[in-house]
file run_32.tsv (TSV, C-alpha atoms and all ligand atoms)
chain	number	residue	atom	x	y	z
T	1	MET	CA	8.45	-9.67	-28.79
T	2	LYS	CA	5.24	-11.62	-29.28
T	3	ALA	CA	2.47	-11.17	-26.70
T	4	VAL	CA	-1.24	-11.83	-26.38
T	5	VAL	CA	-2.92	-8.45	-26.03
T	6	LEU	CA	-6.46	-7.70	-24.81
T	7	ARG	CA	-7.66	-4.45	-26.38
T	8	GLU	CA	-11.39	-4.81	-25.83
T	9	ILE	CA	-13.59	-6.51	-23.20
T	10	GLY	CA	-15.38	-9.50	-24.68
T	11	PRO	CA	-15.13	-13.15	-25.73
T	12	PRO	CA	-11.93	-15.22	-25.69
T	13	THR	CA	-11.33	-14.36	-29.37
T	14	ASN	CA	-10.51	-10.79	-28.27
T	15	LEU	CA	-7.15	-12.17	-27.08
T	16	LYS	CA	-4.87	-11.56	-30.03
T	17	LEU	CA	-1.22	-12.43	-30.62
T	18	GLU	CA	0.67	-9.25	-31.56
T	19	GLU	CA	4.18	-7.92	-31.98
T	20	VAL	CA	4.85	-5.45	-29.12
T	21	PRO	CA	7.92	-3.59	-27.83
T	22	ASP	CA	10.29	-5.52	-25.55
T	23	PRO	CA	10.19	-4.56	-21.87
T	24	ALA	CA	13.38	-3.00	-20.48
T	25	PRO	CA	14.30	-3.49	-16.80
T	26	GLY	CA	14.35	-0.38	-14.63
T	27	PRO	CA	16.38	-0.09	-11.39
T	28	GLY	CA	15.71	-3.08	-9.15
T	29	GLU	CA	13.91	-4.99	-11.91
T	30	VAL	CA	14.56	-8.04	-14.07
T	31	VAL	CA	13.20	-9.20	-17.42
T	32	VAL	CA	12.26	-12.87	-17.54
T	33	GLN	CA	12.29	-14.77	-20.84
T	34	LEU	CA	9.16	-16.85	-20.28
T	35	LYS	CA	8.89	-20.52	-21.14
T	36	ALA	CA	5.39	-20.98	-19.76
T	37	ALA	CA	2.52	-18.97	-18.30
T	38	ALA	CA	-0.70	-20.13	-16.66
T	39	LEU	CA	-4.29	-18.94	-16.57
T	40	ASN	CA	-6.19	-17.80	-13.50
T	41	HIS	CA	-9.87	-17.03	-13.23
T	42	ARG	CA	-8.82	-13.42	-12.66
T	43	ASP	CA	-7.73	-13.28	-16.32
T	44	ALA	CA	-11.18	-14.44	-17.45
T	45	PHE	CA	-12.89	-11.91	-15.13
T	46	ILE	CA	-10.72	-9.10	-16.57
T	47	ARG	CA	-11.43	-10.20	-20.15
T	48	GLN	CA	-15.16	-10.21	-19.35
T	49	GLY	CA	-15.02	-6.74	-17.77
T	50	LEU	CA	-15.85	-8.18	-14.32
T	51	TYR	CA	-12.79	-6.85	-12.44
T	52	ALA	CA	-12.01	-3.54	-10.77
T	53	GLY	CA	-9.58	-1.04	-12.29
T	54	ILE	CA	-9.34	-2.47	-15.81
T	55	THR	CA	-7.02	-0.52	-18.12
T	56	LEU	CA	-6.72	-1.48	-21.79
T	57	PRO	CA	-4.80	-2.55	-23.73
T	58	ILE	CA	-3.28	-5.07	-21.33
T	59	ILE	CA	-1.16	-8.20	-21.53
T	60	LEU	CA	-2.86	-10.55	-19.07
T	61	GLY	CA	-1.18	-13.24	-16.99
T	62	SER	CA	-0.04	-13.45	-13.37
T	63	ASP	CA	1.81	-16.75	-13.57
T	64	GLY	CA	5.08	-17.38	-15.31
T	65	ALA	CA	8.30	-19.38	-15.28
T	66	GLY	CA	11.38	-18.85	-17.41
T	67	GLU	CA	14.94	-17.58	-17.32
T	68	VAL	CA	16.26	-14.17	-16.29
T	69	ALA	CA	17.25	-12.44	-19.55
T	70	ALA	CA	18.18	-8.93	-18.34
T	71	VAL	CA	18.74	-7.16	-15.03
T	72	GLY	CA	18.32	-3.48	-14.19
T	73	GLU	CA	20.52	-1.14	-12.17
T	74	GLY	CA	21.33	-2.41	-8.69
T	75	VAL	CA	20.35	-6.02	-9.40
T	76	ASP	CA	22.76	-8.91	-8.82
T	77	ARG	CA	24.08	-9.89	-12.28
T	78	SER	CA	24.48	-13.52	-11.19
T	79	LEU	CA	20.69	-13.79	-11.64
T	80	LEU	CA	21.21	-13.73	-15.43
T	81	GLY	CA	20.29	-17.07	-16.97
T	82	ARG	CA	18.75	-18.42	-13.76
T	83	ALA	CA	15.57	-20.51	-14.03
T	84	VAL	CA	12.88	-18.76	-11.99
T	85	VAL	CA	9.21	-18.66	-11.01
T	86	ILE	CA	7.54	-15.30	-10.44
T	87	ASP	CA	5.70	-14.25	-7.29
T	88	PRO	CA	2.78	-12.32	-8.83
T	89	GLY	CA	2.11	-10.15	-5.76
T	90	MET	CA	3.78	-6.73	-5.59
T	91	ASP	CA	4.01	-4.13	-2.81
T	92	TRP	CA	1.99	-6.03	-0.17
T	93	GLY	CA	3.06	-3.50	2.45
T	94	PRO	CA	4.21	-3.77	6.07
T	95	ASP	CA	1.18	-5.53	7.61
T	96	GLU	CA	1.27	-9.32	7.26
T	97	ARG	CA	-2.45	-9.44	8.15
T	98	ALA	CA	-3.64	-7.63	5.02
T	99	GLN	CA	-2.25	-6.03	1.87
T	100	GLY	CA	-1.90	-2.23	1.70
T	101	ARG	CA	-3.35	0.14	-0.87
T	102	ALA	CA	-0.33	-0.09	-3.18
T	103	TYR	CA	-0.70	-3.88	-3.52
T	104	ARG	CA	-1.11	-5.13	-7.06
T	105	ILE	CA	-1.07	-8.40	-8.94
T	106	LEU	CA	1.00	-9.00	-12.06
T	107	GLY	CA	-1.12	-8.86	-15.24
T	108	LEU	CA	-3.15	-5.71	-14.37
T	109	PRO	CA	-2.26	-2.89	-14.16
T	110	ASP	CA	1.28	-4.04	-15.07
T	111	ASN	CA	1.63	-6.11	-18.24
T	112	GLY	CA	1.71	-9.82	-17.45
T	113	THR	CA	2.99	-13.17	-18.61
T	114	TYR	CA	1.04	-13.99	-21.81
T	115	ALA	CA	4.21	-12.84	-23.58
T	116	GLN	CA	7.71	-13.90	-24.51
T	117	ARG	CA	9.16	-11.52	-21.90
T	118	VAL	CA	7.92	-9.81	-18.75
T	119	LYS	CA	9.40	-7.17	-16.45
T	120	VAL	CA	9.10	-7.68	-12.66
T	121	PRO	CA	10.86	-6.51	-9.50
T	122	ALA	CA	13.96	-8.63	-8.84
T	123	ALA	CA	12.53	-9.46	-5.38
T	124	ASN	CA	9.65	-11.29	-7.11
T	125	VAL	CA	11.75	-13.96	-8.78
T	126	HIS	CA	12.47	-17.20	-6.92
T	127	PRO	CA	14.47	-20.23	-8.05
T	128	LYS	CA	12.31	-22.57	-10.12
T	129	PRO	CA	11.67	-25.76	-8.11
T	130	ALA	CA	14.16	-28.18	-9.66
T	131	ALA	CA	11.74	-31.11	-9.65
T	132	LEU	CA	9.18	-29.27	-11.78
T	133	SER	CA	9.10	-28.65	-15.52
T	134	PHE	CA	8.70	-25.03	-16.64
T	135	GLU	CA	5.06	-25.77	-17.42
T	136	GLU	CA	4.46	-27.18	-13.93
T	137	ALA	CA	6.40	-24.31	-12.34
T	138	ALA	CA	4.25	-21.76	-14.21
T	139	ALA	CA	1.15	-23.44	-12.79
T	140	LEU	CA	2.34	-22.92	-9.24
T	141	PRO	CA	2.56	-19.22	-8.24
T	142	LEU	CA	-0.84	-17.54	-7.92
T	143	ALA	CA	-2.90	-20.64	-7.18
T	144	GLY	CA	-0.31	-22.21	-4.87
T	145	LEU	CA	0.10	-18.96	-2.96
T	146	THR	CA	-3.64	-18.39	-2.56
T	147	ALA	CA	-4.24	-21.97	-1.48
T	148	TYR	CA	-1.32	-21.94	0.97
T	149	ARG	CA	-2.38	-18.74	2.72
T	150	ALA	CA	-6.02	-19.91	2.88
T	151	VAL	CA	-5.23	-23.38	4.28
T	152	VAL	CA	-2.09	-22.82	6.34
T	153	THR	CA	-1.70	-19.12	7.26
T	154	ARG	CA	-5.39	-18.33	7.71
T	155	ALA	CA	-7.25	-21.56	8.58
T	156	GLY	CA	-4.29	-23.23	10.30
T	157	VAL	CA	-5.52	-26.67	9.21
T	158	GLN	CA	-4.22	-29.43	11.51
T	159	PRO	CA	-3.51	-33.13	10.90
T	160	GLY	CA	-6.66	-35.19	11.41
T	161	GLU	CA	-9.06	-32.31	10.77
T	162	THR	CA	-11.77	-32.66	8.16
T	163	VAL	CA	-11.64	-30.16	5.29
T	164	VAL	CA	-14.20	-29.58	2.54
T	165	VAL	CA	-13.08	-27.99	-0.75
T	166	THR	CA	-15.82	-26.63	-3.02
T	167	GLY	CA	-15.37	-26.77	-6.81
T	168	ALA	CA	-12.38	-29.10	-6.65
T	169	GLY	CA	-11.64	-28.85	-10.37
T	170	GLY	CA	-10.53	-25.23	-10.07
T	171	GLY	CA	-6.91	-24.16	-10.37
T	172	VAL	CA	-6.65	-22.95	-6.77
T	173	SER	CA	-8.85	-25.65	-5.26
T	174	SER	CA	-6.71	-28.44	-6.70
T	175	PHE	CA	-3.88	-26.96	-4.57
T	176	VAL	CA	-6.15	-26.49	-1.54
T	177	LEU	CA	-6.93	-30.20	-1.74
T	178	GLN	CA	-3.28	-31.22	-2.10
T	179	ILE	CA	-2.01	-28.92	0.67
T	180	ALA	CA	-4.71	-29.99	3.14
T	181	HIS	CA	-4.06	-33.65	2.30
T	182	ALA	CA	-0.29	-33.18	2.72
T	183	ILE	CA	-0.89	-31.70	6.19
T	184	GLY	CA	-2.72	-34.89	7.10
T	185	ALA	CA	-6.30	-33.63	6.97
T	186	ARG	CA	-9.22	-35.71	5.69
T	187	VAL	CA	-10.38	-33.96	2.53
T	188	PHE	CA	-13.84	-34.04	0.93
T	189	VAL	CA	-14.81	-32.17	-2.23
T	190	THR	CA	-17.65	-30.94	-4.39
T	191	SER	CA	-17.42	-30.72	-8.15
T	192	GLY	CA	-19.68	-30.32	-11.15
T	193	SER	CA	-18.50	-33.59	-12.66
T	194	ASP	CA	-18.14	-37.17	-11.39
T	195	GLU	CA	-14.97	-37.53	-13.43
T	196	LYS	CA	-13.40	-34.59	-11.57
T	197	ILE	CA	-14.41	-36.13	-8.24
T	198	ALA	CA	-12.56	-39.28	-9.33
T	199	ARG	CA	-9.50	-37.11	-10.16
T	200	ALA	CA	-9.77	-35.41	-6.77
T	201	ARG	CA	-9.74	-38.83	-5.11
T	202	GLN	CA	-6.52	-39.68	-6.91
T	203	LEU	CA	-5.03	-36.52	-5.35
T	204	GLY	CA	-6.01	-37.64	-1.87
T	205	ALA	CA	-9.65	-36.65	-1.39
T	206	GLU	CA	-11.63	-39.25	0.53
T	207	ALA	CA	-14.90	-38.70	-1.32
T	208	GLY	CA	-16.94	-36.05	-3.08
T	209	VAL	CA	-20.40	-34.98	-4.14
T	210	ASN	CA	-21.54	-33.59	-7.51
T	211	TYR	CA	-23.15	-30.19	-6.85
T	212	ARG	CA	-25.11	-30.43	-10.10
T	213	THR	CA	-27.02	-33.59	-9.27
T	214	GLY	CA	-28.40	-33.06	-5.79
T	215	ASP	CA	-28.20	-31.44	-2.37
T	216	TRP	CA	-24.42	-31.37	-1.84
T	217	VAL	CA	-24.66	-30.14	1.77
T	218	LYS	CA	-26.79	-33.14	2.70
T	219	GLY	CA	-24.62	-35.45	0.59
T	220	LEU	CA	-21.34	-34.36	2.14
T	221	GLY	CA	-22.84	-34.14	5.63
T	222	GLY	CA	-23.81	-37.82	5.29
T	223	LEU	CA	-20.39	-38.85	3.99
T	224	ILE	CA	-18.47	-36.96	6.69
T	225	GLY	CA	-20.77	-37.89	9.54
T	226	GLY	CA	-20.61	-36.50	13.08
T	227	ASP	CA	-21.04	-32.75	13.39
T	228	GLY	CA	-19.61	-31.95	9.94
T	229	PRO	CA	-16.26	-30.65	8.69
T	230	ASP	CA	-13.87	-28.58	10.80
T	231	VAL	CA	-13.02	-26.37	7.85
T	232	VAL	CA	-14.73	-25.45	4.57
T	233	VAL	CA	-12.57	-23.70	1.95
T	234	ASP	CA	-14.76	-21.95	-0.61
T	235	SER	CA	-14.15	-19.91	-3.75
T	236	VAL	CA	-17.49	-20.50	-5.42
T	237	GLY	CA	-19.30	-17.76	-3.47
T	238	GLY	CA	-22.91	-16.97	-4.38
T	239	GLU	CA	-25.35	-19.43	-2.79
T	240	THR	CA	-22.50	-21.87	-2.11
T	241	PHE	CA	-20.95	-19.70	0.61
T	242	GLY	CA	-24.19	-19.68	2.64
T	243	GLN	CA	-24.41	-23.44	2.18
T	244	ALA	CA	-20.84	-23.79	3.43
T	245	LEU	CA	-21.96	-22.15	6.69
T	246	ALA	CA	-24.72	-24.75	6.96
T	247	LEU	CA	-22.27	-27.61	6.46
T	248	ALA	CA	-19.47	-26.51	8.83
T	249	ARG	CA	-19.41	-28.08	12.29
T	250	PRO	CA	-20.17	-25.96	15.37
T	251	GLY	CA	-16.96	-24.11	16.21
T	252	GLY	CA	-15.70	-24.65	12.65
T	253	ARG	CA	-13.91	-22.29	10.25
T	254	VAL	CA	-15.07	-21.21	6.81
T	255	VAL	CA	-12.45	-19.69	4.53
T	256	THR	CA	-13.43	-17.66	1.48
T	257	TYR	CA	-11.05	-16.47	-1.22
T	258	GLY	CA	-13.34	-16.14	-4.22
T	259	ALA	CA	-16.82	-15.68	-5.64
T	260	THR	CA	-16.86	-17.42	-9.02
T	261	THR	CA	-20.67	-17.58	-9.14
T	262	GLY	CA	-21.29	-14.12	-7.67
T	263	ALA	CA	-20.47	-11.95	-4.67
T	264	THR	CA	-23.94	-12.12	-3.11
T	265	GLY	CA	-26.15	-14.98	-2.03
T	266	LYS	CA	-28.50	-16.00	0.77
T	267	LEU	CA	-26.60	-16.07	4.03
T	268	GLU	CA	-28.14	-16.89	7.41
T	269	VAL	CA	-26.35	-14.80	10.01
T	270	ARG	CA	-27.73	-16.94	12.84
T	271	ARG	CA	-25.69	-19.89	11.60
T	272	ILE	CA	-22.53	-17.88	12.23
T	273	PHE	CA	-23.28	-16.88	15.81
T	274	TRP	CA	-25.22	-19.95	16.92
T	275	LYS	CA	-22.59	-22.35	15.61
T	276	GLN	CA	-19.73	-20.12	16.86
T	277	LEU	CA	-18.21	-20.14	13.39
T	278	THR	CA	-15.05	-18.32	12.39
T	279	ILE	CA	-15.18	-16.73	8.93
T	280	LEU	CA	-11.76	-16.12	7.39
T	281	GLY	CA	-11.23	-14.00	4.30
T	282	SER	CA	-8.04	-14.65	2.36
T	283	THR	CA	-6.43	-13.07	-0.68
T	284	MET	CA	-3.19	-14.05	-2.41
T	285	GLY	CA	-0.36	-13.93	0.17
T	286	THR	CA	2.72	-12.12	1.43
T	287	ALA	CA	6.27	-12.63	0.16
T	288	ARG	CA	6.76	-14.77	3.27
T	289	ASP	CA	3.70	-16.90	2.35
T	290	PHE	CA	5.14	-17.34	-1.16
T	291	ALA	CA	8.52	-18.56	0.12
T	292	SER	CA	6.80	-20.85	2.65
T	293	MET	CA	4.55	-22.23	-0.10
T	294	LEU	CA	7.58	-23.10	-2.26
T	295	ALA	CA	9.26	-24.79	0.71
T	296	PHE	CA	6.05	-26.68	1.57
T	297	CYS	CA	5.65	-27.95	-2.02
T	298	ASP	CA	9.28	-29.05	-2.04
T	299	ARG	CA	9.00	-30.79	1.36
T	300	HIS	CA	5.86	-32.68	0.37
T	301	ALA	CA	6.88	-33.23	-3.28
T	302	LEU	CA	3.66	-31.56	-4.45
T	303	ARG	CA	3.23	-31.25	-8.20
T	304	PRO	CA	0.78	-28.75	-9.66
T	305	VAL	CA	-2.01	-30.42	-11.59
T	306	VAL	CA	-1.60	-29.30	-15.19
T	307	ASP	CA	-4.90	-29.71	-17.01
T	308	ARG	CA	-3.82	-28.90	-20.55
T	309	VAL	CA	-1.01	-27.00	-22.27
T	310	PHE	CA	-1.86	-24.64	-25.16
T	311	PRO	CA	0.65	-22.73	-27.32
T	312	LEU	CA	0.69	-18.99	-26.51
T	313	ALA	CA	-0.95	-18.26	-29.87
T	314	GLU	CA	-3.99	-20.30	-28.70
T	315	ALA	CA	-4.68	-18.27	-25.56
T	316	ALA	CA	-8.25	-17.75	-26.79
T	317	ALA	CA	-8.91	-21.52	-26.80
T	318	ALA	CA	-7.38	-21.76	-23.33
T	319	HIS	CA	-9.77	-19.05	-22.07
T	320	ALA	CA	-12.75	-20.79	-23.67
T	321	ARG	CA	-11.86	-23.93	-21.69
T	322	MET	CA	-11.82	-21.92	-18.45
T	323	ASP	CA	-15.13	-20.18	-19.31
T	324	ASP	CA	-16.71	-23.65	-19.63
T	325	ALA	CA	-15.10	-24.90	-16.35
T	326	GLY	CA	-13.73	-27.70	-18.52
T	327	GLN	CA	-10.46	-27.93	-16.64
T	328	PHE	CA	-9.20	-29.98	-13.74
T	329	GLY	CA	-6.28	-28.00	-12.33
T	330	LYS	CA	-4.26	-25.40	-14.17
T	331	ILE	CA	-4.47	-24.40	-17.82
T	332	VAL	CA	-0.96	-23.57	-19.07
T	333	LEU	CA	0.42	-21.63	-22.07
T	334	ARG	CA	3.67	-22.83	-23.62
T	335	ILE	CA	5.85	-19.97	-24.80
T	336	ASP	CA	8.51	-20.44	-27.48
T	337	SER	CA	11.31	-17.91	-27.85
T	338	ARG	CA	10.72	-17.53	-31.61
K	401	LIG	N1	-8.64	-13.83	-3.42
K	401	LIG	C1	-7.64	-14.29	-4.13
K	401	LIG	O1	-6.48	-14.00	-3.89
K	401	LIG	C2	-7.91	-15.23	-5.25
K	401	LIG	C3	-6.85	-15.89	-5.86
K	401	LIG	C4	-7.13	-16.81	-6.86
K	401	LIG	C5	-8.44	-17.03	-7.24
K	401	LIG	N2	-9.43	-16.33	-6.66
K	401	LIG	C6	-10.82	-16.56	-7.04
K	401	LIG	O2	-11.10	-17.91	-6.75
K	401	LIG	C7	-11.97	-18.44	-7.73
K	401	LIG	C8	-11.33	-19.65	-8.37
K	401	LIG	O3	-10.20	-19.24	-9.13
K	401	LIG	P1	-9.46	-20.26	-10.08
K	401	LIG	O4	-8.43	-19.50	-10.84
K	401	LIG	O5	-9.07	-21.46	-9.30
K	401	LIG	O6	-10.67	-20.59	-11.08
K	401	LIG	P2	-11.01	-21.84	-11.97
K	401	LIG	O7	-9.79	-22.65	-12.24
K	401	LIG	O8	-11.80	-21.33	-13.13
K	401	LIG	O9	-11.96	-22.70	-11.01
K	401	LIG	C9	-13.29	-22.38	-10.77
K	401	LIG	C10	-14.04	-23.63	-10.31
K	401	LIG	O10	-15.22	-23.24	-9.67
K	401	LIG	C11	-16.12	-24.32	-9.69
K	401	LIG	N3	-17.49	-23.86	-9.95
K	401	LIG	C12	-17.94	-23.14	-11.00
K	401	LIG	N4	-19.28	-22.98	-10.87
K	401	LIG	C13	-19.66	-23.62	-9.74
K	401	LIG	C14	-20.89	-23.81	-9.08
K	401	LIG	N5	-22.04	-23.33	-9.56
K	401	LIG	N6	-20.88	-24.49	-7.91
K	401	LIG	C15	-19.75	-25.00	-7.40
K	401	LIG	N7	-18.53	-24.87	-8.01
K	401	LIG	C16	-18.51	-24.17	-9.14
K	401	LIG	C17	-15.68	-25.26	-10.80
K	401	LIG	O11	-15.28	-26.45	-10.17
K	401	LIG	P3	-15.57	-27.89	-10.82
K	401	LIG	O12	-14.86	-27.83	-12.12
K	401	LIG	O13	-14.99	-28.86	-9.86
K	401	LIG	O14	-17.04	-28.03	-10.96
K	401	LIG	C18	-14.52	-24.51	-11.46
K	401	LIG	O15	-13.54	-25.35	-11.95
K	401	LIG	C19	-12.26	-17.29	-8.71
K	401	LIG	O16	-13.45	-16.67	-8.31
K	401	LIG	C20	-11.07	-16.39	-8.51
K	401	LIG	O17	-11.35	-15.05	-8.85
K	401	LIG	C21	-9.19	-15.44	-5.67
call {"tool": "encode", "arguments": {"input": "run_32.tsv", "output": "structure tokens", "more": "lines below"}}
Ligand SMILES: NC(=O)c1ccc[n+]([C@@H]2O[C@H](COP(=O)([O-])OP(=O)(O)OC[C@H]3O[C@@H](n4cnc5c(N)ncnc54)[C@H](OP(=O)(O)O)[C@@H]3O)[C@@H](O)[C@H]2O)c1
result
Amino acid sequence: MKAVVLREIGPPTNLKLEEVPDPAPGPGEVVVQLKAAALNHRDAFIRQGLYAGITLPIILGSDGAGEVAAVGEGVDRSLLGRAVVIDPGMDWGPDERAQGRAYRILGLPDNGTYAQRVKVPAANVHPKPAALSFEEAAALPLAGLTAYRAVVTRAGVQPGETVVVTGAGGGVSSFVLQIAHAIGARVFVTSGSDEKIARARQLGAEAGVNYRTGDWVKGLGGLIGGDGPDVVVDSVGGETFGQALALARPGGRVVTYGATTGATGKLEVRRIFWKQLTILGSTMGTARDFASMLAFCDRHALRPVVDRVFPLAEAAAAHARMDDAGQFGKIVLRIDSR
């Protein structure tokens, strides 16, 4: 089969289309013939050597949608030919509160979805939402799951609450915005471009502030009024996380699921205790979160925001777009069977 293989840490051009052996399903596994895959920032971090436990060569990609092409021993044969989306989380473990040591995400260490075919446990395939194209369905899994657990399972956002989403153009944050809006929250955003703030408003955000052109904490504080937002959902990290603590209302919640600009930054501990803040860490989600996310998207007719679709052979150009934060929403790879 054809796959995009990363053999060496480095620039996007290190992602090369190659001919590689077909995966064969083991007991309890299926092989999915992929029609689309999607990028996540994780893929860029791995390519740049900024991720733990990198093993090379690797086929990146956590997100995929396609049709079941082969089933292993013990797997229901009626799955053959079914249109599916893949839950990228494997072996979460018995504790719903946090993943166990065996937990792993498709696309490292296991080969991922930048390929014509991928092998996954049968338990990880779910029916493709009928209302979505394969490209939209491929955009859903990792980002939708992460956003759902952060907003619903962890923060428990309620109708009428005010939610701030930092870096609204990101793949996950575009879902955070949509999920919070669907719940009935008032959503405000930050972004590095006015055009992306306008896009966020089309998705239901009330207003936004450009973090490149001024003091976004002051700007959003003024727009929201009162004591500030009930919830801030952040994946920017670095200095932004400390600023999120400054913006949140007394008694508010701050959810973090990422650190795009760095894992450390100035953080005033007194803000946490004096304002009685709750800090919630969130990563990916359980199998139950994944199923609930699919049901939520179906119930609220949510459509993933697809930024741009590249052919699989142009994975390098797709990565360059993510490196430049050029996207609004998810960058997708279209995968042909020949
Ligand atoms: N813990 C988990 O399970 C989990 C799951 C998924 C992702 N993540 C992490 O979450 C982060 C986002 O992932 P993603 O795939 O959604 O990435 P992405 O699509 O590349 O989005 C990143 C966004 O961050 C914003 N950003 C970049 N620099 C910024 C700055 N200086 N200040 C404010 N915002 C800035 C940009 O928003 P604008 O374009 O609007 O400016 C950019 O689009 C990554 O760090 C990723 O590793 C964690």
call {"tool": "residues_near_ligand", "arguments": {"input": "run_32.tsv", "ligand": "ligand LIG 401 (chain K)", "cutoff": "7 Å", "atoms": "only C-alpha atoms and all ligand atoms", "output": "PyMOL selection string"}}
result
chain T and resi 40-42+142-143+146+166-173+190-193+196+211+235-236+240+257-261+282-284+322+325-330
call {"tool": "closest_atom_pairs", "arguments": {"input": "run_32.tsv", "of": "segment 75-116 of chain T", "to": "segment 11-17 of chain T", "cutoff": "12 Å", "atoms": "only C-alpha atoms", "output": "tab-separated table"}}
result
residue	atom	partner	partner_atom	distance
T:Tyr114	CA	T:Leu17	CA	9.2
T:Ala115	CA	T:Leu17	CA	8.9
T:Gln116	CA	T:Leu17	CA	10.9
call {"tool": "atom_distance", "arguments": {"input": "run_32.tsv", "atom1": "atom CA of Phe273 of chain T", "atom2": "atom CA of Ala147 of chain T"}}
result
26.2 Å
call {"tool": "closest_residue", "arguments": {"input": "run_32.tsv", "among": "T:Val232, T:Val4, T:Ala246, T:Val68", "to": "Arg186 of chain T", "atoms": "all atoms listed in the file"}}
result
T:Val232
call {"tool": "residues_around", "arguments": {"input": "run_32.tsv", "residues": "Ala36 of chain T", "least_positions_apart": "2", "cutoff": "9 Å", "atoms": "all atoms listed in the file", "output": "MDAnalysis selection string"}}
result
chainID T and resid 34 38 63:66 113:114 116 134:139 312 332:336
call {"tool": "closest_residue", "arguments": {"input": "run_32.tsv", "among": "T:Ala185, T:Ile179, T:Leu245, T:Ala123", "to": "Met293 of chain T", "atoms": "only C-alpha atoms"}}
result
T:Ile179
call {"tool": "axis_aligned_box", "arguments": {"input": "run_32.tsv", "around": "segment 66-85 of chain T", "padding_each_side": "5 Å", "output": "AutoDock Vina command-line options"}}
result
--center_x 16.8 --center_y -10.8 --center_z -14.1 --size_x 25.3 --size_y 29.4 --size_z 20.9
call {"tool": "residues_around", "arguments": {"input": "run_32.tsv", "residues": "Ala207 of chain T", "least_positions_apart": "6", "cutoff": "12 Å", "atoms": "only C-alpha atoms", "output": "ChimeraX atom specification"}}
result
/T:162-165,168,177,186-191,194,196-201,219-224
call {"tool": "residues_around", "arguments": {"input": "run_32.tsv", "residues": "segment 263-271 of chain T", "least_positions_apart": "3", "cutoff": "6 Å", "atoms": "only C-alpha atoms", "output": "PyMOL selection string"}}
result
chain T and resi 238-239+242+259+274-275
call {"tool": "atom_distance", "arguments": {"input": "run_32.tsv", "atom1": "atom CA of Gly251 of chain T", "atom2": "atom CA of Gly226 of chain T"}}
result
13.3 Å
call {"tool": "closest_residue", "arguments": {"input": "run_32.tsv", "among": "T:Ile54, T:Ile331, T:Leu6, T:Ala37", "to": "Ala317 of chain T", "atoms": "only C-alpha atoms"}}
result
T:Ile331
call {"tool": "residues_around", "arguments": {"input": "run_32.tsv", "residues": "Pro109 of chain T", "least_positions_apart": "4", "cutoff": "9 Å", "atoms": "only C-alpha atoms", "output": "MDAnalysis selection string"}}
result
chainID T and resid 53:56 58 104:105
call {"tool": "closest_residue", "arguments": {"input": "run_32.tsv", "among": "T:Thr213, T:Ala244, T:Arg97, T:Ala320", "to": "Gly281 of chain T", "atoms": "all atoms listed in the file"}}
result
T:Arg97
call {"tool": "closest_residue", "arguments": {"input": "run_32.tsv", "among": "T:Gly228, T:Glu195, T:Glu67, T:Gly61", "to": "Gly208 of chain T", "atoms": "only C-alpha atoms"}}
result
T:Glu195
call {"tool": "closest_residue", "arguments": {"input": "run_32.tsv", "among": "T:Asp76, T:Glu161, T:Glu19, T:Asp110", "to": "Arg338 of chain T", "atoms": "all atoms listed in the file"}}
result
T:Glu19
call {"tool": "residues_around", "arguments": {"input": "run_32.tsv", "residues": "segment 277-279 of chain T", "least_positions_apart": "4", "cutoff": "7 Å", "atoms": "all atoms listed in the file", "output": "PDB file with C-alpha atoms, keeping the file's coordinate frame"}}
result
ATOM      1  CA  PRO T 250     -20.170 -25.960  15.370  1.00  0.00           C
ATOM      2  CA  GLY T 251     -16.960 -24.110  16.210  1.00  0.00           C
ATOM      3  CA  GLY T 252     -15.700 -24.650  12.650  1.00  0.00           C
ATOM      4  CA  ARG T 253     -13.910 -22.290  10.250  1.00  0.00           C
ATOM      5  CA  VAL T 254     -15.070 -21.210   6.810  1.00  0.00           C
ATOM      6  CA  VAL T 255     -12.450 -19.690   4.530  1.00  0.00           C
ATOM      7  CA  ILE T 272     -22.530 -17.880  12.230  1.00  0.00           C
ATOM      8  CA  PHE T 273     -23.280 -16.880  15.810  1.00  0.00           C
TER       9      PHE T 273
END
